[in-house]
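S.K.: After the structure tokens below, expect a handful of questions from me.
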Amino acid sequence: MKIDKIPEAVYEGYYWMSDKDKPTTLNSKSFSDQLDASTNPFIIEAQLYDEKTRTSISVRYVDGESDGKYVANSYQLPEDISTDEYTEQVYIAHRLEGVSRLRFYRHWVADPDGLCEGMEVLKPKELIFAGFAGKEDKQ
């Protein structure tokens, strides 16, 4: 779902401001933002996860020909993430203080495919941030 405001919540994740040389890490800290593309400094990128509501927020600032805009989405992860619709993916974090890995879930949707006689095949839909991965998790 498209959003124009980051709701006030306690997040795990990061946001990267345009006037900084590295992202700011949030680890169970409160955060919100109006996402006004005309303000400076602006958020270049943000990946936030509210574990209490299982809500993931993804924000990217995109330069346009005349000006920039935000592409921001909110995703709701289901309670049971162990279905075939979601696969866990863990990535190495770069430039994030105190964080070694990031956890994402790839959301797959069944879609008819003309190259497979119209049978449904799973296709990737979204990559949803779900917080930081601990050392006990697989790579």
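Letters for chains follow the order of the structure tokens (A, B, ...), residue numbers begin at 1 for each chain, and ligand numbers begin at 1 in the order shown.
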Please return, as a PyMOL selection string, all residues of stretch 15-130 of chain A that DSSP assigns to strand (DSSP E or B) on the basis of the backbone.
M.R.: chain A and resi 15-17+24-33+43-50+55-63+68-76+86-92+101-112+120-130
S.K.: Excluding A:Gly134 and its own-chain neighbours fewer than 5 positions away, which residues fall within 10 Å of it when counting only C-alpha atoms? Please give them as a PyMOL selection string.
M.R.: chain A and resi 90+99-103
S.K.: Please dump the current selection as a short mmCIF file (atom, residue, chain, number, x, y, z; two decimals), in the first residue's frame; keep N, CA and C atoms.
M.R.:
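again.cif written:
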data_model
loop_
_atom_site.label_atom_id
_atom_site.label_comp_id
_atom_site.auth_asym_id
_atom_site.auth_seq_id
_atom_site.Cartn_x
_atom_site.Cartn_y
_atom_site.Cartn_z
N VAL A 90 18.31 -13.39 3.70
CA VAL A 90 19.14 -12.62 4.62
C VAL A 90 20.32 -12.06 3.83
N VAL A 99 25.06 -3.74 13.18
CA VAL A 99 24.19 -4.66 12.46
C VAL A 99 25.01 -5.41 11.43
N SER A 100 24.88 -6.74 11.43
CA SER A 100 25.65 -7.51 10.46
C SER A 100 24.78 -8.01 9.30
N ARG A 101 23.49 -8.26 9.56
CA ARG A 101 22.63 -8.80 8.50
C ARG A 101 21.21 -8.25 8.58
N LEU A 102 20.58 -8.20 7.41
CA LEU A 102 19.21 -7.71 7.27
C LEU A 102 18.31 -8.86 6.83
N ARG A 103 17.12 -8.95 7.43
CA ARG A 103 16.17 -10.02 7.07
C ARG A 103 15.07 -9.44 6.18
#
S.K.: Excluding A:Ser30 and its own-chain neighbours fewer than 6 positions away, which residues fall within 12 Å of it when counting only C-alpha atoms? Please give them as JSON, numbers by chain.
M.R.: {"A": [6, 7, 8, 9, 10, 11, 12, 13, 14, 48, 49, 50]}
S.K.: Go ahead and dump the residues you just picked, all heavy atoms, as an mmCIF file, in the first residue's frame.
M.R.:
data_model
loop_
_atom_site.group_PDB
_atom_site.id
_atom_site.type_symbol
_atom_site.label_atom_id
_atom_site.label_comp_id
_atom_site.auth_asym_id
_atom_site.auth_seq_id
_atom_site.Cartn_x
_atom_site.Cartn_y
_atom_site.Cartn_z
ATOM 1 N N ILE A 6 5.279 8.222 7.320
ATOM 2 C CA ILE A 6 5.720 7.075 8.118
ATOM 3 C C ILE A 6 5.017 7.188 9.460
ATOM 4 O O ILE A 6 5.218 8.161 10.186
ATOM 5 C CB ILE A 6 7.248 7.071 8.310
ATOM 6 C CG1 ILE A 6 7.957 6.933 6.958
ATOM 7 C CG2 ILE A 6 7.663 5.943 9.257
ATOM 8 C CD1 ILE A 6 9.464 7.100 7.033
ATOM 9 N N PRO A 7 4.150 6.231 9.799
ATOM 10 C CA PRO A 7 3.409 6.318 11.061
ATOM 11 C C PRO A 7 4.341 6.259 12.276
ATOM 12 O O PRO A 7 5.397 5.612 12.233
ATOM 13 C CB PRO A 7 2.504 5.084 11.042
ATOM 14 C CG PRO A 7 2.634 4.473 9.709
ATOM 15 C CD PRO A 7 3.832 5.028 9.047
ATOM 16 N N GLU A 8 3.949 6.931 13.324
ATOM 17 C CA GLU A 8 4.698 6.890 14.586
ATOM 18 C C GLU A 8 4.617 5.470 15.130
ATOM 19 O O GLU A 8 3.540 4.909 15.303
ATOM 20 C CB GLU A 8 4.087 7.862 15.597
ATOM 21 C CG GLU A 8 4.750 7.855 16.950
ATOM 22 C CD GLU A 8 6.101 8.559 16.959
ATOM 23 O OE1 GLU A 8 6.302 9.489 16.176
ATOM 24 O OE2 GLU A 8 6.953 8.159 17.781
ATOM 25 N N ALA A 9 5.787 4.857 15.341
ATOM 26 C CA ALA A 9 5.855 3.498 15.883
ATOM 27 C C ALA A 9 7.276 3.244 16.379
ATOM 28 O O ALA A 9 8.178 4.041 16.137
ATOM 29 C CB ALA A 9 5.466 2.468 14.827
ATOM 30 N N VAL A 10 7.442 2.116 17.039
ATOM 31 C CA VAL A 10 8.767 1.681 17.480
ATOM 32 C C VAL A 10 9.302 0.748 16.390
ATOM 33 O O VAL A 10 8.725 -0.308 16.139
ATOM 34 C CB VAL A 10 8.694 0.968 18.843
ATOM 35 C CG1 VAL A 10 10.045 0.408 19.231
ATOM 36 C CG2 VAL A 10 8.177 1.928 19.903
ATOM 37 N N TYR A 11 10.393 1.167 15.739
ATOM 38 C CA TYR A 11 10.907 0.442 14.584
ATOM 39 C C TYR A 11 12.278 -0.157 14.833
ATOM 40 O O TYR A 11 13.068 0.345 15.618
ATOM 41 C CB TYR A 11 11.033 1.379 13.372
ATOM 42 C CG TYR A 11 9.724 1.845 12.812
ATOM 43 C CD1 TYR A 11 9.296 3.145 12.998
ATOM 44 C CD2 TYR A 11 8.909 0.982 12.079
ATOM 45 C CE1 TYR A 11 8.100 3.593 12.475
ATOM 46 C CE2 TYR A 11 7.706 1.418 11.548
ATOM 47 C CZ TYR A 11 7.303 2.721 11.751
ATOM 48 O OH TYR A 11 6.119 3.150 11.231
ATOM 49 N N GLU A 12 12.535 -1.214 14.080
ATOM 50 C CA GLU A 12 13.864 -1.765 13.902
ATOM 51 C C GLU A 12 14.169 -1.543 12.427
ATOM 52 O O GLU A 12 13.332 -1.815 11.571
ATOM 53 C CB GLU A 12 13.848 -3.258 14.227
ATOM 54 C CG GLU A 12 15.184 -3.920 14.115
ATOM 55 C CD GLU A 12 15.115 -5.371 14.570
ATOM 56 O OE1 GLU A 12 15.024 -5.602 15.786
ATOM 57 O OE2 GLU A 12 15.155 -6.258 13.697
ATOM 58 N N GLY A 13 15.334 -1.024 12.124
ATOM 59 C CA GLY A 13 15.683 -0.784 10.736
ATOM 60 C C GLY A 13 16.657 0.366 10.603
ATOM 61 O O GLY A 13 17.470 0.617 11.497
ATOM 62 N N TYR A 14 16.551 1.072 9.493
ATOM 63 C CA TYR A 14 17.462 2.190 9.255
ATOM 64 C C TYR A 14 16.818 3.217 8.332
ATOM 65 O O TYR A 14 15.874 2.927 7.601
ATOM 66 C CB TYR A 14 18.778 1.706 8.643
ATOM 67 C CG TYR A 14 18.661 1.152 7.249
ATOM 68 C CD1 TYR A 14 18.803 1.980 6.135
ATOM 69 C CD2 TYR A 14 18.393 -0.189 7.030
ATOM 70 C CE1 TYR A 14 18.686 1.482 4.850
ATOM 71 C CE2 TYR A 14 18.286 -0.694 5.746
ATOM 72 C CZ TYR A 14 18.428 0.155 4.664
ATOM 73 O OH TYR A 14 18.303 -0.337 3.396
ATOM 74 N N LEU A 48 12.107 0.025 7.493
ATOM 75 C CA LEU A 48 11.655 0.028 8.884
ATOM 76 C C LEU A 48 10.715 -1.140 9.116
ATOM 77 O O LEU A 48 9.910 -1.481 8.250
ATOM 78 C CB LEU A 48 10.929 1.344 9.196
ATOM 79 C CG LEU A 48 11.695 2.630 8.857
ATOM 80 C CD1 LEU A 48 10.769 3.835 8.930
ATOM 81 C CD2 LEU A 48 12.875 2.797 9.783
ATOM 82 N N TYR A 49 10.793 -1.711 10.320
ATOM 83 C CA TYR A 49 9.918 -2.838 10.653
ATOM 84 C C TYR A 49 9.390 -2.658 12.067
ATOM 85 O O TYR A 49 10.161 -2.499 13.019
ATOM 86 C CB TYR A 49 10.669 -4.165 10.540
ATOM 87 C CG TYR A 49 9.812 -5.362 10.837
ATOM 88 C CD1 TYR A 49 8.743 -5.695 10.010
ATOM 89 C CD2 TYR A 49 10.062 -6.166 11.939
ATOM 90 C CE1 TYR A 49 7.950 -6.803 10.282
ATOM 91 C CE2 TYR A 49 9.274 -7.278 12.212
ATOM 92 C CZ TYR A 49 8.214 -7.584 11.375
ATOM 93 O OH TYR A 49 7.419 -8.670 11.642
ATOM 94 N N ASP A 50 8.061 -2.681 12.196
ATOM 95 C CA ASP A 50 7.394 -2.614 13.495
ATOM 96 C C ASP A 50 6.968 -4.036 13.863
ATOM 97 O O ASP A 50 6.010 -4.570 13.310
ATOM 98 C CB ASP A 50 6.185 -1.686 13.420
ATOM 99 C CG ASP A 50 5.408 -1.610 14.719
ATOM 100 O OD1 ASP A 50 5.854 -2.172 15.738
ATOM 101 O OD2 ASP A 50 4.340 -0.971 14.712
#
S.K.: Write out as a ChimeraX atom specification each polymer residue whose atoms come within 10 Å of A:Gln89, counting only C-alpha atoms; drop sequence neighbours fewer than 6 positions from it.
M.R.: /A:102-106,127-130,133,138-139
S.K.: Using only C-alpha atoms, can you tell me which of A:Ser74, A:Thr53, A:Ser82, A:Gln47 comes closest to A:Thr25?
M.R.: A:Gln47
S.K.: Show which residues sit within 12 Å of A:Leu122, as number ranges by chain. Count only C-alpha atoms, and ignore same-chain residues fewer than 2 positions away.
M.R.: A: 84-87, 106-113, 116, 119-120, 124-125
S.K.: Let me make sure I understand: among A:Gln76, A:Ser56, A:Asn27, A:Ser18, which one has the smallest atom-to-atom distance to A:Ile44 if we use only C-alpha atoms?
M.R.: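 Closest to A:Ile44 of all the choices is A:Ser18.
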S.K.: Using only C-alpha atoms, which of A:Phe42, A:Phe31, A:Trp16, A:Tyr75 sits nearest A:Ser58?
M.R.: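 Under the stated criterion, the closest residue is A:Tyr75.
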S.K.: Using only C-alpha atoms, which protein or nucleic acid residues come within 12 Å of A:Val71? Drop anything in the same chain fewer than 3 positions from it, and give the result as a PyMOL selection string.
M.R.: chain A and resi 1-6+35-37+43-46+57-64+68+74
S.K.: For atom CA of A:Lys123 and atom CA of A:Ile92, quote the distance in Å rounded to one decimal.
M.R.: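 Those two atoms sit 24.1 Å apart.
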S.K.: Can you tell me how far atom CA of A:Glu97 sits from atom CA of A:Asp19, in Å to one decimal?
M.R.: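 Atom-to-atom, atom CA of A:Glu97 to atom CA of A:Asp19, that is 17.4 Å.
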